[in-house]
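This report refers to the structure that appears directly beneath it.
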Amino acid sequence: MTACLPVREHLALYGCHEPLPARTQLRAGALSFELVGGRLGAVHAHGHEVWHGMAFLFRDAGWGTPEPVFEQVQHHADAQGFRLELQGHIPCAPADIAGPTAGNAHIRLHLTVQGSADGQLRLRAEATPTHPLHANRCGWVLMHPMSAAGCRLQVLHVDGRTSESSFPREVAAWPPFMGVRGLRHEYVPGHWAEALLPGEDYELEDQRNNADASFKTYSRSNLMPRPYLLQPGQALVREMHLRLLDQAPAEPPHKNRGPAALRVQQSAQTALMPRLGMAITPTSSHCIEPWELDLLRRWRPAFLHLTLWTDALSADVDWHGVRSLLQASGADLRLDVCAREDLGHGGLQDAVVRDLAGQLAAAGLVPASVAALPCGPQAAALLRQVFPKATIGGGTPHFFAQLNRLEHSGGEDFMAFTVCPIVHGTDDDCMMHSLQSLPSMLETARRRHPGRAWHIGPNWLPARASPLGRQPASDGRQRIALARLDPRTRGLFGAAWLLGHLAAAVRAGVQALTLPPLLGDDGLWWFDAGAWQATPAAAMLDVCLRWTRLDNAEHHHLASGAWAAITGTGTQGRQVLVANLSAEPQRLHWPDSGQWACLDAAAWLQHQDEPARSPWRDSGHGPGELLLGPYALARLDLPLPSGD
């Protein structure tokens with residue numbers, strides 16, 4: 001729907017002028033799916049999701065995933081099926097070239113997809129590097145939906161064996177299936193589908209580890225050397241064959257096609273609502289502007305979260321500036337120490353941490369919590385000795401995958417990790433769908449590290465750091481996987497994602513969540529045209545950070561894939577924030593009384609033109625029906641229940 005939006009509206013939604021990928025509907029018998037840019041979307045059979053998507057990907061030496069660029073796309077369909085042919089290239093960074101630097105290195109790519117009327121798909125890729133390239137992977141990727149967890153599975157192995165198993169329910173730390181040449185899975189009880197993957201060793205991993213809502217089968221085993229060398233001029237040919245093994249099932253019962261209905265009720269279950277904090281950086285401790293302090297006085301986050309990455313740890317921090325930020329917000333200080341060697345073993349880092357404690361004491365600062373990342377029993381013991389008044393944390397400064405593979409922990413009060421939705425790709429729909437994976441992460445984490453509280457964040461669209469190596473360069477104007485900047489932080493998309501992430505954290509029962517920093521290229525304000533510009537995410541947080549509490553409420557009849565909602569109580573009374581997580585307009589029926597306001601592209605553009613105007617446009621009173629545009633938010637003011 002949003003592919004042909006006016007320029008300013010597109011900018012309000014996505015924070016950049018980069019066009020959305022073209023979409024082409026494809027059908028092969030009972031199978032239907034979309035071509036989105038160069039990726040094949042979720043494959044359905046009569047309304048049932050069989051596979052979550054397919055793509056031919058290059059993973060560079062830093063585990064970045066440059067997107068293919070297709071110059072020619074040919075599509076022919078008839079009664080017998082279709083034939084799709086794509087020709088283009090994958091751009092490669094100079095750092096991936098094994099030899100003299102060149103600015104035009106790429107992989108020529110020729111893809112063909114044939115779909116037949118009997119419900120079969122045959123995919124073929126021919127990839128030819130122009131230069132010798134370091135690669136971690138280059139081949140097909142096949143994904144299964146997160147809903148496949150627990151479903152029966154038959155694995156065809158490279159040695160001819162067939163093993164019987166099921167997709168894991170708990171998030172698997174390492175690939176549960178290796179040496180794969182084919183997979184048969186039961187996508188609906190009694191109905192099976194098959195994927196044959198000749199020509200290379202494949203493995204299946206659980207992508208919930210990296211905040212994706214899927215399982216992924218990828219080419220080239222992790223047991224093989226990497227990075228490896230792709231030779232110039234030598235074509236790499238890979239094929240994949242997908243089919244249903246029996247007649248497709250009947251369509252599921254039709255869901256209500258009317259507007260989603262929102263009814264807010266207090267949950268019968270009690271749950272701890274997460275404490276909401278904000279990230280601060282060494283840079284933000286310098287040259288603090290008065291409006292920043294005024295904003296923190298209004299928002300009053302529960303804590304400010306400072307991460308120190310370097311060997312010197314505190315060299316770039318103005319601790320008196322940190323104290324000013326803490327005093328304005330009335331917040332606690334959360335401090336993460338990301339050392340390059342294990343703490344607690346008497347090495348240089350131990351002395352650096354003790355020096356850090358001295359600097360804090362000299363500035364009159366007593367951190368409420370301190371985390372050693374990475375962690376371990378010795379690190380926890382050292383921090384308890386050096387910071388006796390602090391709660392002690394461990395975990396990883398990176399993603400759940402690194403926490404899930406953690407070998408050393410113990411003695412911590414809380415565990416921590418971050419969430420980033422662009423580790424593997426930047427598709428808008430997949431990023432919103434991935435919001436559903438957080439409860440699975442926390443359920444797994446609690447089993448493996450019992451007795452800990454759980455703190456997540458700072459969480460935002462960009463990847464603030466990568467545990468895998470260098471990150472791809474980005475100017476913040478394009479969607480780039482694993483990049484430090486993402487333009488959608490400046491658009492309504494970012495606000496909708498952040499509200500969806502808050503809702504997922506509430507469902508998962510985390511004890512604390514760190515929000516993005518106020519300022520910076522990845523902040524809630526960004527510098528443009530000589531001034532700091534607010535983002536729609538800041539406007540959303542200006543509502544919920546004024547609440548005195550997040551309420552444990554149930555939001556009935558909201559489809560989880562298209563909507564997210566949180567409820568809280570503040571000086572303005574009880575309020576609900578709702579986000580449309582899709583690029584299509586959605587209708588929301590609210591059967592109760594009260595007032596509502598909308599933050600959509602039109603309201604945001606009016607606010608930018610007239611900053612004195614509120615970004616929330618009054619939209620009437622309930623009961624009634626509200627039309628929410630792409631990635632729009634609604635604020636619903638509820639009457640306080642009796643007794644409050």
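Labels used: A, B, ... for chains in the order of the structure tokens, numbers from 1 for residues in each chain, and numbers from 1 for ligands as shown.
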So that I can see what lies close to range 70-85 of chain A, please list as number ranges by chain the residues with an atom at most 6 Å from it, counting only C-alpha atoms and leaving out residues fewer than 3 positions away in the same chain.
A: 28, 88, 111-117
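Neighbouring residues of Ala564 in chain A at 9 Å or closer, counting only C-alpha atoms and skipping chain neighbours under 4 positions away, are A:Ala496, A:Trp497, A:Leu499, A:Gly500, A:His501, A:Leu502, A:Ala503, A:Ala504, A:His555, A:Leu558, A:Ala559, A:Ser560, A:Leu577, A:Val578, A:Ala579, A:Asn580, A:Leu581.
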Write to file, as an mmCIF file, in the first residue's frame, the residues of the selection just made, with N, CA, C and O atoms.
```
data_model
loop_
_atom_site.group_PDB
_atom_site.id
_atom_site.type_symbol
_atom_site.label_atom_id
_atom_site.label_comp_id
_atom_site.auth_asym_id
_atom_site.auth_seq_id
_atom_site.Cartn_x
_atom_site.Cartn_y
_atom_site.Cartn_z
ATOM 1 N N ALA A 496 6.115 2.548 16.176
ATOM 2 C CA ALA A 496 5.250 1.370 16.257
ATOM 3 C C ALA A 496 6.046 0.159 16.732
ATOM 4 O O ALA A 496 5.573 -0.630 17.565
ATOM 5 N N TRP A 497 7.272 -0.010 16.198
ATOM 6 C CA TRP A 497 8.094 -1.150 16.637
ATOM 7 C C TRP A 497 8.402 -1.045 18.123
ATOM 8 O O TRP A 497 8.323 -2.038 18.863
ATOM 9 N N LEU A 499 6.752 0.483 20.519
ATOM 10 C CA LEU A 499 5.580 0.178 21.328
ATOM 11 C C LEU A 499 5.316 -1.328 21.321
ATOM 12 O O LEU A 499 4.983 -1.920 22.350
ATOM 13 N N GLY A 500 5.491 -1.975 20.152
ATOM 14 C CA GLY A 500 5.330 -3.419 20.089
ATOM 15 C C GLY A 500 6.341 -4.139 20.958
ATOM 16 O O GLY A 500 6.030 -5.164 21.583
ATOM 17 N N HIS A 501 7.572 -3.607 21.023
ATOM 18 C CA HIS A 501 8.593 -4.216 21.867
ATOM 19 C C HIS A 501 8.244 -4.053 23.347
ATOM 20 O O HIS A 501 8.430 -4.988 24.150
ATOM 21 N N LEU A 502 7.726 -2.891 23.728
ATOM 22 C CA LEU A 502 7.280 -2.702 25.103
ATOM 23 C C LEU A 502 6.180 -3.698 25.467
ATOM 24 O O LEU A 502 6.190 -4.293 26.558
ATOM 25 N N ALA A 503 5.228 -3.880 24.557
ATOM 26 C CA ALA A 503 4.138 -4.819 24.814
ATOM 27 C C ALA A 503 4.668 -6.242 24.961
ATOM 28 O O ALA A 503 4.219 -7.005 25.826
ATOM 29 N N ALA A 504 5.646 -6.623 24.129
ATOM 30 C CA ALA A 504 6.226 -7.962 24.224
ATOM 31 C C ALA A 504 6.981 -8.138 25.535
ATOM 32 O O ALA A 504 6.954 -9.216 26.145
ATOM 33 N N HIS A 555 -5.618 -7.059 26.497
ATOM 34 C CA HIS A 555 -6.205 -6.319 25.373
ATOM 35 C C HIS A 555 -6.883 -7.338 24.465
ATOM 36 O O HIS A 555 -6.244 -7.991 23.648
ATOM 37 N N LEU A 558 -7.339 -8.294 19.863
ATOM 38 C CA LEU A 558 -6.349 -7.674 18.988
ATOM 39 C C LEU A 558 -5.487 -8.775 18.383
ATOM 40 O O LEU A 558 -4.837 -9.515 19.112
ATOM 41 N N ALA A 559 -5.482 -8.893 17.053
ATOM 42 C CA ALA A 559 -4.632 -9.886 16.407
ATOM 43 C C ALA A 559 -3.177 -9.515 16.647
ATOM 44 O O ALA A 559 -2.745 -8.415 16.331
ATOM 45 N N SER A 560 -2.394 -10.449 17.219
ATOM 46 C CA SER A 560 -1.035 -10.121 17.647
ATOM 47 C C SER A 560 -0.141 -9.723 16.487
ATOM 48 O O SER A 560 0.816 -8.977 16.670
ATOM 49 N N LEU A 577 -2.072 2.832 24.813
ATOM 50 C CA LEU A 577 -1.388 3.146 23.567
ATOM 51 C C LEU A 577 -1.485 1.923 22.666
ATOM 52 O O LEU A 577 -1.156 0.806 23.081
ATOM 53 N N VAL A 578 -1.945 2.153 21.436
ATOM 54 C CA VAL A 578 -2.128 1.072 20.465
ATOM 55 C C VAL A 578 -1.339 1.423 19.213
ATOM 56 O O VAL A 578 -1.309 2.586 18.789
ATOM 57 N N ALA A 579 -0.697 0.436 18.609
ATOM 58 C CA ALA A 579 0.057 0.651 17.376
ATOM 59 C C ALA A 579 -0.425 -0.304 16.298
ATOM 60 O O ALA A 579 -0.639 -1.495 16.549
ATOM 61 N N ASN A 580 -0.588 0.233 15.093
ATOM 62 C CA ASN A 580 -0.803 -0.580 13.899
ATOM 63 C C ASN A 580 0.582 -1.017 13.415
ATOM 64 O O ASN A 580 1.383 -0.186 12.998
ATOM 65 N N LEU A 581 0.864 -2.302 13.463
ATOM 66 C CA LEU A 581 2.188 -2.816 13.120
ATOM 67 C C LEU A 581 2.328 -3.158 11.648
ATOM 68 O O LEU A 581 3.318 -3.786 11.252
#
```
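Residues surrounding Ala445 in chain A within 10 Å are Glu170, Val171, Phe400, Leu403, Asn404, Met415, Pro439, Ser440, Met441, Leu442, Arg448, His449, Pro450, Arg452 and Trp454 of chain A [only C-alpha atoms; sequence separation below 3 positions excluded].
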Would you give me, as a PyMOL selection string, the residues in range 364-520 of chain A that DSSP reads as helix (DSSP H, G or I)?
chain A and resi 377-386+400-404+428-448+487-490+492-508
What's the 12 Å shell around range 238-240 of chain A, counting only C-alpha atoms, without same-chain residues fewer than 6 positions away, as a PyMOL selection string?
chain A and resi 54-57+109-114+120-128+138-142+181-183+194-202+217-220
For the residues in the current selection, export N, CA, C and O atoms as a short mmCIF file (atom, residue, chain, number, x, y, z; two decimals), in the first residue's frame.
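Result written to part-v2.cif:
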```
data_model
loop_
_atom_site.label_atom_id
_atom_site.label_comp_id
_atom_site.auth_asym_id
_atom_site.auth_seq_id
_atom_site.Cartn_x
_atom_site.Cartn_y
_atom_site.Cartn_z
N MET A 54 12.17 -17.64 1.55
CA MET A 54 13.36 -18.18 0.90
C MET A 54 14.15 -17.02 0.33
O MET A 54 13.60 -16.01 -0.08
N ALA A 55 15.48 -17.20 0.29
CA ALA A 55 16.33 -16.17 -0.30
C ALA A 55 17.69 -16.77 -0.61
O ALA A 55 18.12 -17.74 0.03
N PHE A 56 18.37 -16.18 -1.60
CA PHE A 56 19.76 -16.53 -1.84
C PHE A 56 20.60 -15.39 -1.26
O PHE A 56 20.46 -14.23 -1.67
N LEU A 57 21.47 -15.72 -0.28
CA LEU A 57 22.16 -14.70 0.49
C LEU A 57 23.67 -14.91 0.48
O LEU A 57 24.15 -16.04 0.44
N LEU A 109 24.54 -12.51 -10.14
CA LEU A 109 23.55 -13.43 -9.61
C LEU A 109 22.44 -13.66 -10.63
O LEU A 109 21.88 -12.70 -11.17
N HIS A 110 22.14 -14.93 -10.88
CA HIS A 110 21.06 -15.32 -11.79
C HIS A 110 20.20 -16.34 -11.07
O HIS A 110 20.65 -17.44 -10.75
N LEU A 111 18.96 -15.95 -10.78
CA LEU A 111 18.02 -16.82 -10.08
C LEU A 111 16.87 -17.21 -10.99
O LEU A 111 16.37 -16.37 -11.75
N THR A 112 16.44 -18.45 -10.91
CA THR A 112 15.21 -18.89 -11.59
C THR A 112 14.35 -19.65 -10.58
O THR A 112 14.86 -20.42 -9.76
N VAL A 113 13.07 -19.38 -10.65
CA VAL A 113 12.09 -20.08 -9.81
C VAL A 113 10.99 -20.57 -10.72
O VAL A 113 10.38 -19.77 -11.45
N GLN A 114 10.73 -21.86 -10.70
CA GLN A 114 9.65 -22.45 -11.50
C GLN A 114 8.62 -23.06 -10.57
O GLN A 114 8.95 -23.84 -9.67
N GLN A 120 4.56 -27.58 -6.84
CA GLN A 120 5.99 -27.79 -6.64
C GLN A 120 6.75 -26.53 -7.04
O GLN A 120 6.37 -25.82 -7.97
N LEU A 121 7.84 -26.26 -6.32
CA LEU A 121 8.72 -25.13 -6.61
C LEU A 121 10.14 -25.64 -6.83
O LEU A 121 10.66 -26.40 -6.00
N ARG A 122 10.75 -25.23 -7.93
CA ARG A 122 12.15 -25.58 -8.21
C ARG A 122 12.93 -24.27 -8.33
O ARG A 122 12.60 -23.43 -9.16
N LEU A 123 13.94 -24.12 -7.49
CA LEU A 123 14.72 -22.90 -7.44
C LEU A 123 16.17 -23.20 -7.82
O LEU A 123 16.74 -24.21 -7.38
N ARG A 124 16.74 -22.33 -8.61
CA ARG A 124 18.14 -22.49 -9.03
C ARG A 124 18.85 -21.15 -8.96
O ARG A 124 18.28 -20.11 -9.33
N ALA A 125 20.06 -21.16 -8.44
CA ALA A 125 20.87 -19.95 -8.34
C ALA A 125 22.23 -20.19 -8.96
O ALA A 125 22.83 -21.25 -8.77
N GLU A 126 22.70 -19.20 -9.70
CA GLU A 126 24.06 -19.23 -10.24
C GLU A 126 24.73 -17.92 -9.82
O GLU A 126 24.31 -16.84 -10.21
N ALA A 127 25.77 -18.04 -8.97
CA ALA A 127 26.46 -16.88 -8.40
C ALA A 127 27.92 -16.90 -8.84
O ALA A 127 28.62 -17.89 -8.60
N THR A 128 28.38 -15.81 -9.46
CA THR A 128 29.74 -15.75 -10.00
C THR A 128 30.45 -14.49 -9.49
O THR A 128 30.09 -13.38 -9.85
N CYS A 138 27.38 -18.46 1.23
CA CYS A 138 26.84 -17.99 -0.04
C CYS A 138 25.94 -19.10 -0.55
O CYS A 138 26.41 -20.14 -1.03
N GLY A 139 24.63 -18.93 -0.42
CA GLY A 139 23.74 -20.00 -0.84
C GLY A 139 22.30 -19.73 -0.44
O GLY A 139 21.94 -18.64 0.03
N TRP A 140 21.48 -20.75 -0.61
CA TRP A 140 20.05 -20.64 -0.30
C TRP A 140 19.82 -20.65 1.20
O TRP A 140 20.51 -21.33 1.96
N VAL A 141 18.80 -19.93 1.61
CA VAL A 141 18.29 -19.95 2.97
C VAL A 141 16.79 -20.25 2.88
O VAL A 141 16.07 -19.62 2.10
N LEU A 142 16.36 -21.24 3.66
CA LEU A 142 14.94 -21.62 3.72
C LEU A 142 14.48 -21.47 5.16
O LEU A 142 15.13 -21.97 6.08
N ARG A 181 20.33 -32.65 4.07
CA ARG A 181 20.11 -32.59 2.62
C ARG A 181 18.63 -32.46 2.27
O ARG A 181 18.29 -32.24 1.11
N GLY A 182 17.79 -32.59 3.26
CA GLY A 182 16.36 -32.45 3.02
C GLY A 182 15.59 -32.44 4.32
O GLY A 182 16.05 -32.94 5.35
N LEU A 183 14.39 -31.85 4.29
CA LEU A 183 13.53 -31.75 5.46
C LEU A 183 12.09 -32.04 5.06
O LEU A 183 11.60 -31.50 4.06
N GLU A 194 7.86 -31.09 1.85
CA GLU A 194 9.25 -31.54 1.73
C GLU A 194 10.10 -30.47 1.07
O GLU A 194 9.67 -29.78 0.13
N ALA A 195 11.33 -30.34 1.56
CA ALA A 195 12.33 -29.46 0.95
C ALA A 195 13.59 -30.29 0.71
O ALA A 195 14.15 -30.85 1.65
N LEU A 196 14.02 -30.39 -0.55
CA LEU A 196 15.25 -31.09 -0.90
C LEU A 196 16.32 -30.06 -1.20
O LEU A 196 16.09 -29.09 -1.95
N LEU A 197 17.51 -30.25 -0.63
CA LEU A 197 18.59 -29.26 -0.65
C LEU A 197 19.89 -29.92 -1.11
O LEU A 197 20.80 -30.15 -0.31
N PRO A 198 20.02 -30.23 -2.39
CA PRO A 198 21.21 -30.94 -2.86
C PRO A 198 22.43 -30.02 -2.97
O PRO A 198 22.32 -28.80 -2.93
N GLY A 199 23.60 -30.65 -3.08
CA GLY A 199 24.80 -29.91 -3.47
C GLY A 199 25.65 -29.36 -2.35
O GLY A 199 26.76 -28.89 -2.60
N GLU A 200 25.17 -29.39 -1.09
CA GLU A 200 25.96 -28.81 -0.01
C GLU A 200 25.40 -29.28 1.32
O GLU A 200 24.24 -29.70 1.41
N ASP A 201 26.22 -29.22 2.37
CA ASP A 201 25.74 -29.53 3.72
C ASP A 201 24.95 -28.34 4.25
O ASP A 201 25.44 -27.21 4.24
N TYR A 202 23.75 -28.61 4.73
CA TYR A 202 22.91 -27.58 5.32
C TYR A 202 22.76 -27.83 6.81
O TYR A 202 22.94 -28.95 7.30
N THR A 217 17.10 -22.76 7.75
CA THR A 217 18.00 -23.78 7.21
C THR A 217 18.90 -23.09 6.20
O THR A 217 18.42 -22.48 5.24
N TYR A 218 20.21 -23.16 6.43
CA TYR A 218 21.16 -22.40 5.63
C TYR A 218 22.24 -23.32 5.10
O TYR A 218 22.53 -24.38 5.64
N SER A 219 22.88 -22.86 4.03
CA SER A 219 23.92 -23.66 3.38
C SER A 219 25.27 -23.43 4.05
O SER A 219 25.50 -22.39 4.66
N ARG A 220 26.11 -24.41 3.92
CA ARG A 220 27.47 -24.52 4.44
C ARG A 220 27.47 -24.71 5.95
O ARG A 220 27.12 -23.83 6.73
#
```
Using only C-alpha atoms, which residue out of A:Arg464, A:Arg243, A:Arg300, A:Arg23 lies closest to Asp332 in chain A?
A:Arg300
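Using only C-alpha atoms, the smallest distance between any of A:Gly491, A:Gly29, A:Pro421, A:Pro259 and Leu628 in chain A comes from A:Pro259.
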Where in range 314-448 of chain A does DSSP assign strand (DSSP E or B), given as a VMD selection string?
chain A and resid 332 to 337 369 to 372 391 to 395 414 to 417
Nearby residues (only C-alpha atoms) at most 12 Å from range 585-587 of chain A, same-chain spacing under 4 positions excluded, as a ChimeraX atom specification
/A:1-2,257-262,558-559,561-563,578-581,600-601,624-634
Convert the current residue selection to file output with N, CA and C atoms, as a short mmCIF file (atom, residue, chain, number, x, y, z; two decimals), in the first residue's frame.
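Now in again.cif:
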```cif
data_model
loop_
_atom_site.label_atom_id
_atom_site.label_comp_id
_atom_site.auth_asym_id
_atom_site.auth_seq_id
_atom_site.Cartn_x
_atom_site.Cartn_y
_atom_site.Cartn_z
N MET A 1 0.84 -1.21 0.00
CA MET A 1 0.00 0.00 0.00
C MET A 1 0.87 1.25 0.00
N THR A 2 2.00 1.21 0.77
CA THR A 2 2.80 2.41 0.93
C THR A 2 3.83 2.61 -0.16
N ARG A 257 -13.50 -10.78 9.69
CA ARG A 257 -12.84 -9.86 8.77
C ARG A 257 -13.21 -8.40 9.06
N GLY A 258 -13.99 -8.18 10.09
CA GLY A 258 -14.32 -6.82 10.47
C GLY A 258 -13.16 -6.18 11.22
N PRO A 259 -13.38 -4.98 11.73
CA PRO A 259 -12.31 -4.31 12.46
C PRO A 259 -11.94 -5.06 13.73
N ALA A 260 -10.67 -4.94 14.13
CA ALA A 260 -10.25 -5.49 15.40
C ALA A 260 -11.00 -4.77 16.51
N ALA A 261 -11.33 -5.51 17.55
CA ALA A 261 -12.05 -4.92 18.67
C ALA A 261 -11.12 -4.84 19.86
N LEU A 262 -11.11 -3.71 20.53
CA LEU A 262 -10.26 -3.51 21.70
C LEU A 262 -11.12 -3.38 22.93
N LEU A 558 -7.34 -8.29 19.86
CA LEU A 558 -6.35 -7.67 18.99
C LEU A 558 -5.49 -8.77 18.38
N ALA A 559 -5.48 -8.89 17.05
CA ALA A 559 -4.63 -9.89 16.41
C ALA A 559 -3.18 -9.51 16.65
N GLY A 561 -0.42 -10.22 15.28
CA GLY A 561 0.46 -9.90 14.17
C GLY A 561 0.27 -8.50 13.63
N ALA A 562 -0.87 -7.87 13.88
CA ALA A 562 -1.16 -6.57 13.29
C ALA A 562 -1.21 -5.44 14.31
N TRP A 563 -1.30 -5.78 15.60
CA TRP A 563 -1.52 -4.76 16.61
C TRP A 563 -0.61 -4.99 17.81
N VAL A 578 -1.94 2.15 21.44
CA VAL A 578 -2.13 1.07 20.46
C VAL A 578 -1.34 1.42 19.21
N ALA A 579 -0.70 0.44 18.61
CA ALA A 579 0.06 0.65 17.38
C ALA A 579 -0.43 -0.30 16.30
N ASN A 580 -0.59 0.23 15.09
CA ASN A 580 -0.80 -0.58 13.90
C ASN A 580 0.58 -1.02 13.42
N LEU A 581 0.86 -2.30 13.46
CA LEU A 581 2.19 -2.82 13.12
C LEU A 581 2.33 -3.16 11.65
N ASP A 600 -0.47 9.73 13.36
CA ASP A 600 -0.25 9.10 12.06
C ASP A 600 0.62 10.02 11.21
N ALA A 601 0.83 9.64 9.95
CA ALA A 601 1.73 10.42 9.09
C ALA A 601 1.24 11.85 8.93
N GLY A 624 -16.87 3.62 19.34
CA GLY A 624 -16.84 3.90 17.92
C GLY A 624 -15.72 3.14 17.24
N GLU A 625 -15.46 3.55 16.00
CA GLU A 625 -14.46 2.87 15.19
C GLU A 625 -13.42 3.87 14.72
N LEU A 626 -12.16 3.48 14.84
CA LEU A 626 -11.06 4.35 14.48
C LEU A 626 -10.26 3.71 13.35
N LEU A 627 -9.97 4.51 12.33
CA LEU A 627 -9.14 4.05 11.22
C LEU A 627 -7.70 4.50 11.48
N LEU A 628 -6.80 3.52 11.61
CA LEU A 628 -5.39 3.81 11.85
C LEU A 628 -4.61 3.52 10.58
N GLY A 629 -3.87 4.52 10.10
CA GLY A 629 -3.06 4.36 8.90
C GLY A 629 -1.83 3.52 9.15
N PRO A 630 -0.97 3.36 8.13
CA PRO A 630 0.23 2.53 8.27
C PRO A 630 1.08 2.98 9.46
N TYR A 631 1.39 2.03 10.33
CA TYR A 631 2.27 2.25 11.48
C TYR A 631 1.81 3.40 12.37
N ALA A 632 0.53 3.70 12.34
CA ALA A 632 -0.01 4.78 13.16
C ALA A 632 -0.23 4.30 14.59
N LEU A 633 -0.26 5.25 15.51
CA LEU A 633 -0.51 4.98 16.92
C LEU A 633 -1.78 5.69 17.35
N ALA A 634 -2.46 5.10 18.32
CA ALA A 634 -3.62 5.74 18.93
C ALA A 634 -3.42 5.81 20.44
#
```
For Gln247 in chain A, please output as a list in words all residues within 12 Å (counting only C-alpha atoms; exclusion window: fewer than 4 positions along the same chain).
Gly29, Ala30, Leu31, Ala45, His46, Asp118, Gly119, Val188, Gly190, His191, Trp192, Ala193 and Arg243 of chain A
Distance query Met273 in chain A at most 8 Å, only C-alpha atoms, self and fewer than 6 positions along chain excluded, as a PyMOL selection string
chain A and resi 506+509-511+549-552
CA of Leu524 in chain A to CA of Ala538 in chain A, straight-line distance in Å:
5.4 Å
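For the pair CA of Asp592 in chain A and CA of Arg507 in chain A, the interatomic distance is 23.6 Å.
Minimum distance to Ala372 in chain A across A:Ile107, A:Ala339, A:Ile566, A:Leu485 (counting only C-alpha atoms) occurs at A:Ala339.
Between CA of Arg617 in chain A and CA of Trp532 in chain A the interatomic distance comes to 22.6 Å.
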